[in-house]
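A.B. asks: What follows is upload05.tsv, TSV, C-alpha atoms (C1' of nucleotides) and all ligand atoms.
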chain	number	residue	atom	x	y	z
A	4	MET	CA	71.56	126.86	58.40
A	5	MET	CA	70.05	125.38	61.54
A	6	PRO	CA	70.05	127.66	64.58
A	7	LEU	CA	71.79	125.19	66.82
A	8	MET	CA	72.72	121.59	66.59
A	9	ALA	CA	73.20	118.67	68.88
A	10	HIS	CA	76.89	118.45	68.18
A	11	ALA	CA	77.69	122.09	68.86
A	12	HIS	CA	80.61	122.39	71.21
A	13	THR	CA	79.68	123.17	74.74
A	14	ALA	CA	81.81	125.61	76.71
A	15	ARG	CA	83.21	122.67	78.64
A	16	GLU	CA	84.07	120.80	75.49
A	17	LYS	CA	85.70	123.85	74.00
A	18	ALA	CA	87.83	124.35	77.11
A	19	ARG	CA	88.96	120.76	76.91
A	20	LEU	CA	90.01	121.18	73.29
A	21	LEU	CA	91.94	124.32	74.16
A	22	ARG	CA	93.83	122.64	76.98
A	23	GLU	CA	94.56	119.73	74.71
A	24	ALA	CA	95.81	122.08	72.02
A	25	GLU	CA	98.15	123.76	74.47
A	26	ARG	CA	99.48	120.41	75.50
A	27	VAL	CA	99.99	119.17	71.94
A	28	CYS	CA	101.69	122.40	71.04
A	29	ALA	CA	104.03	122.30	73.99
A	30	ALA	CA	104.82	118.67	73.34
A	31	ALA	CA	105.84	119.59	69.81
A	32	GLY	CA	108.05	122.38	71.08
A	33	GLU	CA	105.92	124.99	69.34
A	34	GLN	CA	104.28	128.18	70.53
A	35	PHE	CA	100.56	128.52	70.98
A	36	THR	CA	100.55	132.22	70.21
A	37	PRO	CA	97.54	134.53	70.71
A	38	LEU	CA	96.81	134.46	66.99
A	39	ARG	CA	96.95	130.69	66.83
A	40	ARG	CA	94.78	130.46	69.91
A	41	GLN	CA	92.25	132.87	68.49
A	42	VAL	CA	91.95	131.01	65.20
A	43	PHE	CA	91.67	127.70	66.99
A	44	GLU	CA	88.96	129.10	69.26
A	45	LEU	CA	87.03	130.44	66.29
A	46	LEU	CA	87.14	126.97	64.83
A	47	THR	CA	85.99	125.28	68.01
A	48	GLN	CA	83.06	127.68	68.13
A	49	ALA	CA	82.00	127.18	64.56
A	50	HIS	CA	79.02	124.92	64.00
A	51	ALA	CA	80.21	124.05	60.51
A	52	PRO	CA	83.48	124.00	58.61
A	53	ALA	CA	84.85	127.54	58.40
A	54	LYS	CA	86.18	129.22	55.28
A	55	ALA	CA	89.57	130.87	55.37
A	56	TYR	CA	88.28	134.31	54.43
A	57	ASP	CA	85.47	134.16	56.95
A	58	LEU	CA	87.96	133.39	59.69
A	59	LEU	CA	90.10	136.20	58.38
A	60	ALA	CA	87.20	138.63	58.69
A	61	LYS	CA	86.53	137.48	62.24
A	62	LEU	CA	90.08	138.24	63.22
A	63	GLY	CA	89.03	141.84	62.94
A	64	GLY	CA	91.38	144.63	62.08
A	65	ASP	CA	93.00	144.30	58.71
A	66	ALA	CA	94.43	140.83	58.65
A	67	LYS	CA	95.56	139.66	55.24
A	68	PRO	CA	95.24	136.21	53.67
A	69	PRO	CA	98.73	134.94	54.51
A	70	THR	CA	97.94	135.46	58.17
A	71	ILE	CA	95.11	133.00	58.18
A	72	TYR	CA	96.66	130.51	55.79
A	73	ARG	CA	99.87	130.37	57.77
A	74	THR	CA	98.02	129.90	61.00
A	75	LEU	CA	95.81	127.18	59.59
A	76	GLU	CA	98.82	125.46	58.12
A	77	PHE	CA	100.47	125.47	61.51
A	78	LEU	CA	97.41	124.08	63.25
A	79	MET	CA	97.04	121.41	60.60
A	80	LYS	CA	100.66	120.44	60.95
A	81	LEU	CA	99.99	119.64	64.59
A	82	GLY	CA	96.81	117.80	63.67
A	83	LEU	CA	94.66	120.25	65.63
A	84	VAL	CA	92.77	121.34	62.57
A	85	HIS	CA	91.69	119.53	59.44
A	86	ARG	CA	91.01	120.79	56.01
A	87	ILE	CA	87.92	119.59	54.22
A	88	GLU	CA	88.98	119.51	50.62
A	89	SER	CA	85.59	119.23	49.08
A	90	LEU	CA	84.48	122.41	50.83
A	91	ASN	CA	87.70	124.39	50.89
A	92	ALA	CA	87.04	124.79	54.58
A	93	PHE	CA	88.54	123.98	57.96
A	94	VAL	CA	87.45	122.32	61.18
A	95	ALA	CA	88.98	121.90	64.60
A	96	CYS	CA	89.85	118.31	65.31
A	97	ASP	CA	87.39	116.64	67.62
A	98	VAL	CA	89.89	114.59	69.46
A	99	GLY	CA	92.78	116.94	70.03
A	100	ALA	CA	95.16	115.81	67.39
A	101	CYS	CA	94.69	112.94	65.07
A	102	GLY	CA	97.01	111.28	62.69
A	103	ARG	CA	97.26	112.14	59.09
A	104	SER	CA	94.17	110.29	58.01
A	105	THR	CA	90.72	111.63	58.75
A	106	ILE	CA	87.19	110.80	57.82
A	107	PHE	CA	84.37	113.31	57.65
A	108	LEU	CA	80.66	112.88	57.23
A	109	ILE	CA	79.30	116.11	55.81
A	110	CYS	CA	75.61	116.88	55.89
A	111	ASP	CA	74.37	118.41	52.64
A	112	ARG	CA	71.48	120.03	54.40
A	113	CYS	CA	72.81	121.61	57.59
A	114	GLY	CA	76.46	121.77	56.60
A	115	HIS	CA	77.71	120.07	59.73
A	116	ALA	CA	80.85	117.98	59.37
A	117	GLU	CA	81.30	115.14	61.79
A	118	GLU	CA	84.68	113.60	62.36
A	119	PHE	CA	84.31	109.91	62.28
A	120	ASP	CA	85.96	106.63	63.02
A	121	ALA	CA	85.38	104.19	60.19
A	122	GLY	CA	86.75	101.13	61.88
A	123	HIS	CA	88.68	98.97	59.48
A	124	ALA	CA	87.77	100.76	56.28
A	125	LEU	CA	91.09	102.60	56.30
A	126	VAL	CA	93.14	99.54	57.03
A	127	ASP	CA	91.42	97.64	54.25
A	128	LEU	CA	92.09	100.46	51.82
A	129	GLY	CA	95.75	100.59	52.79
A	130	GLU	CA	96.12	96.86	52.27
A	131	ALA	CA	94.28	96.90	48.96
A	132	ALA	CA	96.47	99.74	47.71
A	133	ALA	CA	99.60	97.94	48.88
A	134	ARG	CA	98.65	94.91	46.80
A	135	ASP	CA	98.73	97.32	43.89
A	136	GLY	CA	102.19	98.52	44.86
A	137	PHE	CA	100.96	101.87	46.11
A	138	GLU	CA	102.19	103.10	49.47
A	139	ILE	CA	99.59	105.35	51.08
A	140	LYS	CA	100.85	108.12	53.33
A	141	ARG	CA	97.67	110.00	53.95
A	142	THR	CA	94.04	109.32	53.24
A	143	MET	CA	91.19	111.78	52.98
A	144	ILE	CA	87.69	110.48	53.16
A	145	GLU	CA	84.81	112.87	52.82
A	146	ALA	CA	81.33	111.51	52.57
A	147	THR	CA	78.28	113.68	51.97
A	148	GLY	CA	74.71	112.84	52.77
A	149	LEU	CA	72.16	113.42	55.48
A	150	CYS	CA	72.99	113.56	59.17
A	151	ALA	CA	70.75	111.92	61.75
A	152	GLU	CA	69.07	115.19	62.76
A	153	CYS	CA	68.30	116.23	59.21
A	154	LYS	CA	67.06	112.79	58.29
A	155	ALA	CA	64.60	112.92	61.16
A	156	ALA	CA	63.32	116.31	59.99
B	246	MET	CA	107.33	114.45	35.53
B	247	MET	CA	108.05	111.02	34.14
B	248	PRO	CA	108.26	110.82	30.36
B	249	LEU	CA	105.81	107.96	30.19
B	250	MET	CA	104.17	105.74	32.69
B	251	ALA	CA	102.84	102.24	32.75
B	252	HIS	CA	99.29	103.48	33.09
B	253	ALA	CA	99.43	106.07	30.34
B	254	HIS	CA	96.55	105.61	27.97
B	255	THR	CA	97.52	103.91	24.77
B	256	ALA	CA	95.90	105.02	21.55
B	257	ARG	CA	93.79	101.87	21.69
B	258	GLU	CA	92.75	102.53	25.25
B	259	LYS	CA	91.87	106.10	24.44
B	260	ALA	CA	89.76	104.99	21.49
B	261	ARG	CA	87.92	102.58	23.74
B	262	LEU	CA	87.16	105.34	26.25
B	263	LEU	CA	85.89	107.58	23.48
B	264	ARG	CA	83.55	104.95	22.12
B	265	GLU	CA	82.36	104.24	25.63
B	266	ALA	CA	81.76	107.94	26.21
B	267	GLU	CA	79.70	108.18	23.05
B	268	ARG	CA	77.66	105.22	24.17
B	269	VAL	CA	77.08	106.57	27.68
B	270	CYS	CA	76.13	109.92	26.28
B	271	ALA	CA	73.69	108.50	23.79
B	272	ALA	CA	72.19	106.26	26.45
B	273	ALA	CA	71.58	109.34	28.59
B	274	GLY	CA	69.92	111.11	25.69
B	275	GLU	CA	72.61	113.77	25.66
B	276	GLN	CA	74.82	115.15	22.92
B	277	PHE	CA	78.49	114.41	22.69
B	278	THR	CA	79.30	117.71	21.02
B	279	PRO	CA	82.69	118.60	19.51
B	280	LEU	CA	83.56	120.69	22.56
B	281	ARG	CA	82.67	117.90	24.96
B	282	ARG	CA	84.58	115.43	22.87
B	283	GLN	CA	87.62	117.68	22.73
B	284	VAL	CA	87.69	118.20	26.48
B	285	PHE	CA	87.20	114.51	27.11
B	286	GLU	CA	90.02	113.67	24.70
B	287	LEU	CA	92.33	116.15	26.40
B	288	LEU	CA	91.59	114.40	29.65
B	289	THR	CA	92.21	110.93	28.29
B	290	GLN	CA	95.57	112.11	26.94
B	291	ALA	CA	96.67	113.74	30.16
B	292	HIS	CA	99.15	111.78	32.22
B	293	ALA	CA	98.02	113.47	35.40
B	294	PRO	CA	94.89	115.22	36.65
B	295	ALA	CA	94.29	118.32	34.54
B	296	LYS	CA	93.47	121.79	35.87
B	297	ALA	CA	90.48	123.64	34.52
B	298	TYR	CA	92.46	126.61	33.28
B	299	ASP	CA	95.05	124.41	31.60
B	300	LEU	CA	92.32	122.63	29.71
B	301	LEU	CA	90.87	126.00	28.85
B	302	ALA	CA	94.17	127.12	27.37
B	303	LYS	CA	94.43	123.95	25.32
B	304	LEU	CA	91.06	124.60	23.79
B	305	GLY	CA	92.85	127.34	21.94
B	306	GLY	CA	91.15	130.47	20.74
B	307	ASP	CA	89.71	132.58	23.47
B	308	ALA	CA	87.62	130.24	25.53
B	309	LYS	CA	86.44	131.65	28.84
B	310	PRO	CA	86.11	129.88	32.19
B	311	PRO	CA	82.39	129.07	31.96
B	312	THR	CA	83.10	127.08	28.82
B	313	ILE	CA	85.36	124.63	30.53
B	314	TYR	CA	83.46	124.48	33.80
B	315	ARG	CA	80.19	123.78	32.03
B	316	THR	CA	81.75	121.10	29.95
B	317	LEU	CA	83.42	119.46	32.92
B	318	GLU	CA	80.18	119.61	34.86
B	319	PHE	CA	78.41	117.85	32.03
B	320	LEU	CA	81.04	115.13	31.77
B	321	MET	CA	80.99	114.64	35.52
B	322	LYS	CA	77.22	114.38	35.52
B	323	LEU	CA	77.55	111.40	33.20
B	324	GLY	CA	80.32	109.95	35.33
B	325	LEU	CA	82.81	110.20	32.47
B	326	VAL	CA	85.05	112.55	34.38
B	327	HIS	CA	85.93	112.86	38.05
B	328	ARG	CA	87.05	115.81	40.04
B	329	ILE	CA	89.96	115.39	42.41
B	330	GLU	CA	89.08	117.73	45.22
B	331	SER	CA	92.45	117.85	46.87
B	332	LEU	CA	94.07	118.98	43.62
B	333	ASN	CA	91.29	121.07	42.11
B	334	ALA	CA	91.80	118.99	39.04
B	335	PHE	CA	89.97	116.60	36.75
B	336	VAL	CA	90.53	113.14	35.31
B	337	ALA	CA	88.77	111.00	32.76
B	338	CYS	CA	87.15	107.99	34.32
B	339	ASP	CA	89.07	104.80	33.71
B	340	VAL	CA	86.10	102.60	33.34
B	341	GLY	CA	83.72	104.61	31.22
B	342	ALA	CA	81.30	105.85	33.80
B	343	CYS	CA	81.29	105.05	37.45
B	344	GLY	CA	78.86	105.79	40.18
B	345	ARG	CA	79.00	108.64	42.55
B	346	SER	CA	81.74	107.25	44.74
B	347	THR	CA	85.31	107.15	43.57
B	348	ILE	CA	88.66	106.31	45.03
B	349	PHE	CA	91.94	107.78	43.85
B	350	LEU	CA	95.50	106.99	44.74
B	351	ILE	CA	97.55	110.06	43.99
B	352	CYS	CA	101.32	109.88	43.74
B	353	ASP	CA	103.04	112.79	45.48
B	354	ARG	CA	106.06	112.41	43.31
B	355	CYS	CA	104.90	111.95	39.71
B	356	GLY	CA	101.43	113.37	40.12
B	357	HIS	CA	99.69	110.42	38.61
B	358	ALA	CA	96.21	109.62	39.93
B	359	GLU	CA	95.04	106.06	39.70
B	360	GLU	CA	91.39	105.20	39.93
B	361	PHE	CA	90.99	102.34	42.26
B	362	ASP	CA	88.68	99.68	43.50
B	363	ALA	CA	88.92	99.29	47.25
B	364	GLY	CA	86.76	96.27	47.59
B	365	HIS	CA	84.67	96.40	50.72
B	366	ALA	CA	86.14	99.52	52.26
B	367	LEU	CA	83.28	101.63	50.94
B	368	VAL	CA	80.62	99.23	52.09
B	369	ASP	CA	82.14	99.12	55.55
B	370	LEU	CA	82.21	102.88	55.72
B	371	GLY	CA	78.60	103.13	54.67
B	372	GLU	CA	77.56	100.65	57.32
B	373	ALA	CA	79.59	102.31	60.02
B	374	ALA	CA	78.08	105.69	59.16
B	375	ALA	CA	74.59	104.22	59.14
B	376	ARG	CA	75.09	102.94	62.69
B	377	ASP	CA	75.70	106.59	63.51
B	378	GLY	CA	72.47	107.63	61.82
B	379	PHE	CA	74.23	109.19	58.87
B	380	GLU	CA	73.03	108.36	55.39
B	381	ILE	CA	75.86	108.61	52.89
B	382	LYS	CA	75.01	109.63	49.36
B	383	ARG	CA	78.43	110.10	47.91
B	384	THR	CA	81.91	109.28	49.10
B	385	MET	CA	85.15	110.84	48.02
B	386	ILE	CA	88.35	109.03	48.88
B	387	GLU	CA	91.69	110.47	47.94
B	388	ALA	CA	94.85	108.87	49.20
B	389	THR	CA	98.29	110.31	48.59
B	390	GLY	CA	101.56	108.49	48.72
B	391	LEU	CA	104.01	106.79	46.40
B	392	CYS	CA	103.03	104.82	43.33
B	393	ALA	CA	104.74	101.56	42.46
B	394	GLU	CA	106.98	103.15	39.80
B	395	CYS	CA	108.14	105.96	42.05
B	396	LYS	CA	108.71	103.62	44.95
B	397	ALA	CA	110.97	101.49	42.78
B	398	ALA	CA	112.98	104.54	41.76
C	22	DG	C1'	57.74	129.59	5.56
C	23	DC	C1'	57.86	130.93	10.44
C	24	DA	C1'	56.95	131.38	15.42
C	25	DC	C1'	58.31	128.76	19.40
C	26	DG	C1'	61.06	126.38	22.81
C	27	DG	C1'	65.21	124.04	24.21
C	28	DT	C1'	70.16	123.05	24.35
C	29	DA	C1'	74.80	124.52	23.81
C	30	DC	C1'	77.90	127.87	23.83
C	31	DG	C1'	79.94	132.85	23.91
C	32	DT	C1'	80.98	137.03	26.69
C	33	DT	C1'	81.61	140.15	30.46
C	34	DA	C1'	82.20	140.89	34.89
C	35	DT	C1'	82.96	139.57	39.39
C	36	DC	C1'	83.79	136.76	43.28
C	37	DT	C1'	86.40	133.41	46.02
C	38	DT	C1'	90.50	131.07	47.20
C	39	DG	C1'	95.38	130.86	47.68
C	40	DT	C1'	100.43	132.20	47.17
C	41	DC	C1'	104.85	134.93	46.60
C	42	DA	C1'	108.09	138.03	48.14
C	43	DC	C1'	109.72	140.90	51.27
C	44	DG	C1'	109.83	143.56	55.62
C	45	DT	C1'	109.74	143.98	60.68
C	46	DA	C1'	109.36	142.91	65.67
C	47	DG	C1'	110.82	140.34	69.51
C	48	DG	C1'	112.95	136.75	72.00
C	49	DA	C1'	116.94	133.51	72.54
C	50	DT	C1'	121.86	132.63	72.21
C	51	DG	C1'	126.60	133.55	72.09
D	23	DC	C1'	125.37	143.91	71.69
D	24	DA	C1'	125.58	141.16	67.12
D	25	DT	C1'	123.26	137.27	65.42
D	26	DC	C1'	119.75	134.10	64.40
D	27	DC	C1'	115.18	132.33	64.37
D	28	DT	C1'	110.23	132.41	64.66
D	29	DA	C1'	106.04	134.78	64.09
D	30	DC	C1'	103.62	137.97	61.87
D	31	DG	C1'	102.51	142.27	58.78
D	32	DT	C1'	101.88	143.98	54.04
D	33	DG	C1'	101.29	144.57	49.12
D	34	DA	C1'	100.75	142.47	45.05
D	35	DC	C1'	98.94	138.97	42.42
D	36	DA	C1'	97.80	134.25	40.65
D	37	DA	C1'	94.46	130.63	40.41
D	38	DG	C1'	89.94	128.82	40.77
D	39	DA	C1'	84.98	129.40	40.10
D	40	DT	C1'	80.39	131.48	39.24
D	41	DA	C1'	76.59	134.84	37.95
D	42	DA	C1'	74.05	136.96	34.49
D	43	DC	C1'	72.95	137.65	30.10
D	44	DG	C1'	73.16	137.12	25.02
D	45	DT	C1'	73.30	134.45	20.69
D	46	DA	C1'	73.29	130.53	17.43
D	47	DC	C1'	71.30	126.55	16.17
D	48	DC	C1'	68.12	122.81	15.75
D	49	DG	C1'	63.83	120.58	15.92
D	50	DT	C1'	58.58	120.71	16.26
D	51	DG	C1'	54.01	122.22	14.99
D	52	DC	C1'	51.41	124.95	12.19
A	401	ZN	ZN	90.89	114.93	63.99
A	402	ZN	ZN	72.27	117.83	58.86
A	403	ZN	ZN	85.52	106.41	37.37
A	404	ZN	ZN	104.60	108.17	41.08
Write the structure described by the file as structure tokens, please.

C.D. replies:
Amino acid sequence: MMPLMAHAHTAREKARLLREAERVCAAAGEQFTPLRRQVFELLTQAHAPAKAYDLLAKLGGDAKPPTIYRTLEFLMKLGLVHRIESLNAFVACDVGACGRSTIFLICDRCGHAEEFDAGHALVDLGEAAARDGFEIKRTMIEATGLCAECKAA
Amino acid sequence: MMPLMAHAHTAREKARLLREAERVCAAAGEQFTPLRRQVFELLTQAHAPAKAYDLLAKLGGDAKPPTIYRTLEFLMKLGLVHRIESLNAFVACDVGACGRSTIFLICDRCGHAEEFDAGHALVDLGEAAARDGFEIKRTMIEATGLCAECKAA
DNA sequence: GCACGGTACGTTATCTTGTCACGTAGGATG
DNA sequence: CATCCTACGTGACAAGATAACGTACCGTGC
């Protein structure tokens, strides 16, 4: 793993995400409890998608699996956190809280996962599926390859 | 689960996939052994993505996990089988052997997963990522929602 | 025939990932 | 203060996946 990467969250950026999370949470009429905050902070600090059991270990003490899975589920419900299916790992949302459809570019080499806007790709897919009679509710797109930094190196 | 669905493989369709698999395998200079054939057949018969341990059980006898994972890995290497990451499950490829990038529409209700051609969505995504400096090698797209049959019902 | 190397598969153990069921603490409401 | 709800703790376990090593078999070259 690279020591530090260009897209690491700065302290300023992290603070912004936290404020945004508080806002989203309040708007949803939900509580941003210390546990939820701690897990979310751990995710904003991570330089790559975090595994559930690694987060669990970082909670310290003797937290058990349901603790972390419940918390992640909550954060995902609000759109603050996304699950990367192909890695069985989790990332804080870049933009506060997105809709149900996310796109990630995952670097094979450094492990970084970049949340991405694919323009009309999603719309096109939805329309193509609809022509087939399929009604899409949620789309997961995970692409692997080489990020700009790793390609340069 | 529905008793039968429009896209269930007919005996004829299944035979076609088997012949195609033999061909692909031979072309790759690999062996289509009885075990590989059996696993592939189980997958062509399944009406929904199959779990590794379920396949393992259907192999009968006392097969152990590495048996099924090795076999699935082999079939995936040839593109004959795809893994659906969001389900931790496997499906036989509809078209014989596709490239590294697949699209699935997964019905929440009946569990069916339909392999799909999204036209230019993939190309657009690749181009958009490239503008960001990211070089995509493989793309996984999994959309969930309601299939035509389930929507009608 | 027989040593050799390669592929496929068996076997054991272990690790990682995720869920179920139930219990408790604390705040809000009446 | 009884009641309800949400969050969280806890123990047990199920499900998913891999590591490491051993064996059987088949072909090649001698
Ligand atoms: Zn997001
Ligand atoms: Zn990279
Ligand atoms: Zn395919
Ligand atoms: Zn359906």

A.B. asks: Produce a table with one row for each residue of chain A that has an atom at most 12 Å from any atom of ligand ZN 404 (chain A), each row naming the nearest atom pair and its distance in Å at one decimal; use all atoms listed in the file; arrange rows by chain and rising residue number; format as JSON lines.

C.D. replies:
{"residue": "A:Gly136", "atom": "CA", "partner": "A:ZN404", "partner_atom": "ZN", "distance": 10.6}
{"residue": "A:Phe137", "atom": "CA", "partner": "A:ZN404", "partner_atom": "ZN", "distance": 8.8}
{"residue": "A:Glu138", "atom": "CA", "partner": "A:ZN404", "partner_atom": "ZN", "distance": 10.1}
{"residue": "A:Ile139", "atom": "CA", "partner": "A:ZN404", "partner_atom": "ZN", "distance": 11.5}

A.B. asks: Residues of chain A near chain D: apply a cut-off of 9 Å, count only C-alpha atoms (C1' of nucleotides), and supply the list as an mmCIF file with C-alpha atoms, in the coordinates of the input.

C.D. replies:
data_model
loop_
_atom_site.group_PDB
_atom_site.id
_atom_site.type_symbol
_atom_site.label_atom_id
_atom_site.label_comp_id
_atom_site.auth_asym_id
_atom_site.auth_seq_id
_atom_site.Cartn_x
_atom_site.Cartn_y
_atom_site.Cartn_z
ATOM 1 C CA THR A 36 100.550 132.220 70.210
ATOM 2 C CA ALA A 66 94.430 140.830 58.650
ATOM 3 C CA LYS A 67 95.560 139.660 55.240
ATOM 4 C CA THR A 70 97.940 135.460 58.170
#

A.B. asks: Which polymer residues have any atom within 12 Å of an atom of A:Lys61, counting all atoms listed in the file, with same-chain residues fewer than 2 positions away left out, as a ChimeraX atom specification?

C.D. replies: /A:38,41-42,44-46,48-49,53-59,63-67,71

A.B. asks: For chain C, which residue out of B:Asp377, B:Arg281, B:Val326, B:Cys355 is the nearest one, using all atoms listed in the file?

C.D. replies: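 Nearest candidate to chain C out of B:Asp377, B:Arg281, B:Val326, B:Cys355: B:Arg281.
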
A.B. asks: Grab me every residue within 10 Å of ligand ZN 401 (chain A), counting all atoms listed in the file, and send it over as a PDB file with C-alpha atoms, in the coordinates of the input.

C.D. replies:
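The file below, pocket16.pdb, is the result:
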ATOM      1  CA  MET A  79      97.040 121.410  60.600  1.00  0.00           C
ATOM      2  CA  GLY A  82      96.810 117.800  63.670  1.00  0.00           C
ATOM      3  CA  LEU A  83      94.660 120.250  65.630  1.00  0.00           C
ATOM      4  CA  VAL A  84      92.770 121.340  62.570  1.00  0.00           C
ATOM      5  CA  HIS A  85      91.690 119.530  59.440  1.00  0.00           C
ATOM      6  CA  ARG A  86      91.010 120.790  56.010  1.00  0.00           C
ATOM      7  CA  VAL A  94      87.450 122.320  61.180  1.00  0.00           C
ATOM      8  CA  ALA A  95      88.980 121.900  64.600  1.00  0.00           C
ATOM      9  CA  CYS A  96      89.850 118.310  65.310  1.00  0.00           C
ATOM     10  CA  ASP A  97      87.390 116.640  67.620  1.00  0.00           C
ATOM     11  CA  VAL A  98      89.890 114.590  69.460  1.00  0.00           C
ATOM     12  CA  GLY A  99      92.780 116.940  70.030  1.00  0.00           C
ATOM     13  CA  ALA A 100      95.160 115.810  67.390  1.00  0.00           C
ATOM     14  CA  CYS A 101      94.690 112.940  65.070  1.00  0.00           C
ATOM     15  CA  GLY A 102      97.010 111.280  62.690  1.00  0.00           C
ATOM     16  CA  ARG A 103      97.260 112.140  59.090  1.00  0.00           C
ATOM     17  CA  SER A 104      94.170 110.290  58.010  1.00  0.00           C
ATOM     18  CA  THR A 105      90.720 111.630  58.750  1.00  0.00           C
ATOM     19  CA  ILE A 106      87.190 110.800  57.820  1.00  0.00           C
ATOM     20  CA  PHE A 107      84.370 113.310  57.650  1.00  0.00           C
ATOM     21  CA  GLU A 117      81.300 115.140  61.790  1.00  0.00           C
ATOM     22  CA  GLU A 118      84.680 113.600  62.360  1.00  0.00           C
ATOM     23  CA  PHE A 119      84.310 109.910  62.280  1.00  0.00           C
ATOM     24  CA  ASP A 120      85.960 106.630  63.020  1.00  0.00           C
TER      25      ASP A 120
END

A.B. asks: Which residues form the shell of 10 Å around ligand ZN 402 (chain A) when you count all atoms listed in the file, given as a list in words?

C.D. replies: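 Every residue with an atom at most 10 Å from ligand ZN 402 (chain A) is listed here: Met4, Met5, Met8, Leu108, Ile109, Cys110, Asp111, Arg112, Cys113, Gly114, His115, Ala116, Glu117, Gly148, Leu149, Cys150, Ala151, Glu152, Cys153, Lys154, Ala155 and Ala156 of chain A; Phe379 of chain B.
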
A.B. asks: Using only C-alpha atoms and all ligand atoms, which residue out of B:Leu320, B:Leu332, B:Val368, B:Thr389 lies closest to ligand ZN 403 (chain A)?

C.D. replies: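 Looking only at the distances to ligand ZN 403 (chain A), the closest residue turns out to be B:Leu320.
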
A.B. asks: Can you work out which one of B:Ile386, B:Ile329, B:Thr255, B:Ala272 has the shortest atom-to-atom distance to A:Leu125, counting all atoms listed in the file?

C.D. replies: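 Of all the options, B:Ile386 lies closest to A:Leu125.
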
A.B. asks: For chain C, which of B:Arg268, B:Arg315, B:Arg383, B:His292 is the closest residue, counting all atoms listed in the file?

C.D. replies: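 Of all the options, B:Arg315 lies closest to chain C.
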
A.B. asks: Which value, in Å to one decimal, gives the distance between atom CA of B:Ala293 and atom CA of B:Glu258?

C.D. replies: 15.8 Å

A.B. asks: Which neighbours of B:Ser331 fall inside 9 Å, counting all atoms listed in the file, when residues of the same chain fewer than 3 positions from it are skipped, and could you give them as a PDB file with C-alpha atoms, in the coordinates of the input?

C.D. replies:
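Done, and the output landed in selection_16.pdb:
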ATOM      1  CA  ILE A  87      87.920 119.590  54.220  1.00  0.00           C
ATOM      2  CA  GLU A  88      88.980 119.510  50.620  1.00  0.00           C
ATOM      3  CA  SER A  89      85.590 119.230  49.080  1.00  0.00           C
ATOM      4  CA  MET A 143      91.190 111.780  52.980  1.00  0.00           C
TER       5      MET A 143
ATOM      6  CA  ARG B 328      87.050 115.810  40.040  1.00  0.00           C
ATOM      7  CA  ALA B 334      91.800 118.990  39.040  1.00  0.00           C
ATOM      8  CA  GLU B 387      91.690 110.470  47.940  1.00  0.00           C
TER       9      GLU B 387
END

A.B. asks: Could you check which of B:Ala256, B:Glu267, B:Leu262, B:Gln276 is closest to chain C, using all atoms listed in the file?

C.D. replies: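 Closest candidate: B:Gln276.
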
A.B. asks: Please return, as a ChimeraX atom specification, all residues of chain C lying within 12 Å of chain A when only C-alpha atoms (C1' of nucleotides) are considered.

C.D. replies: /C:37-42
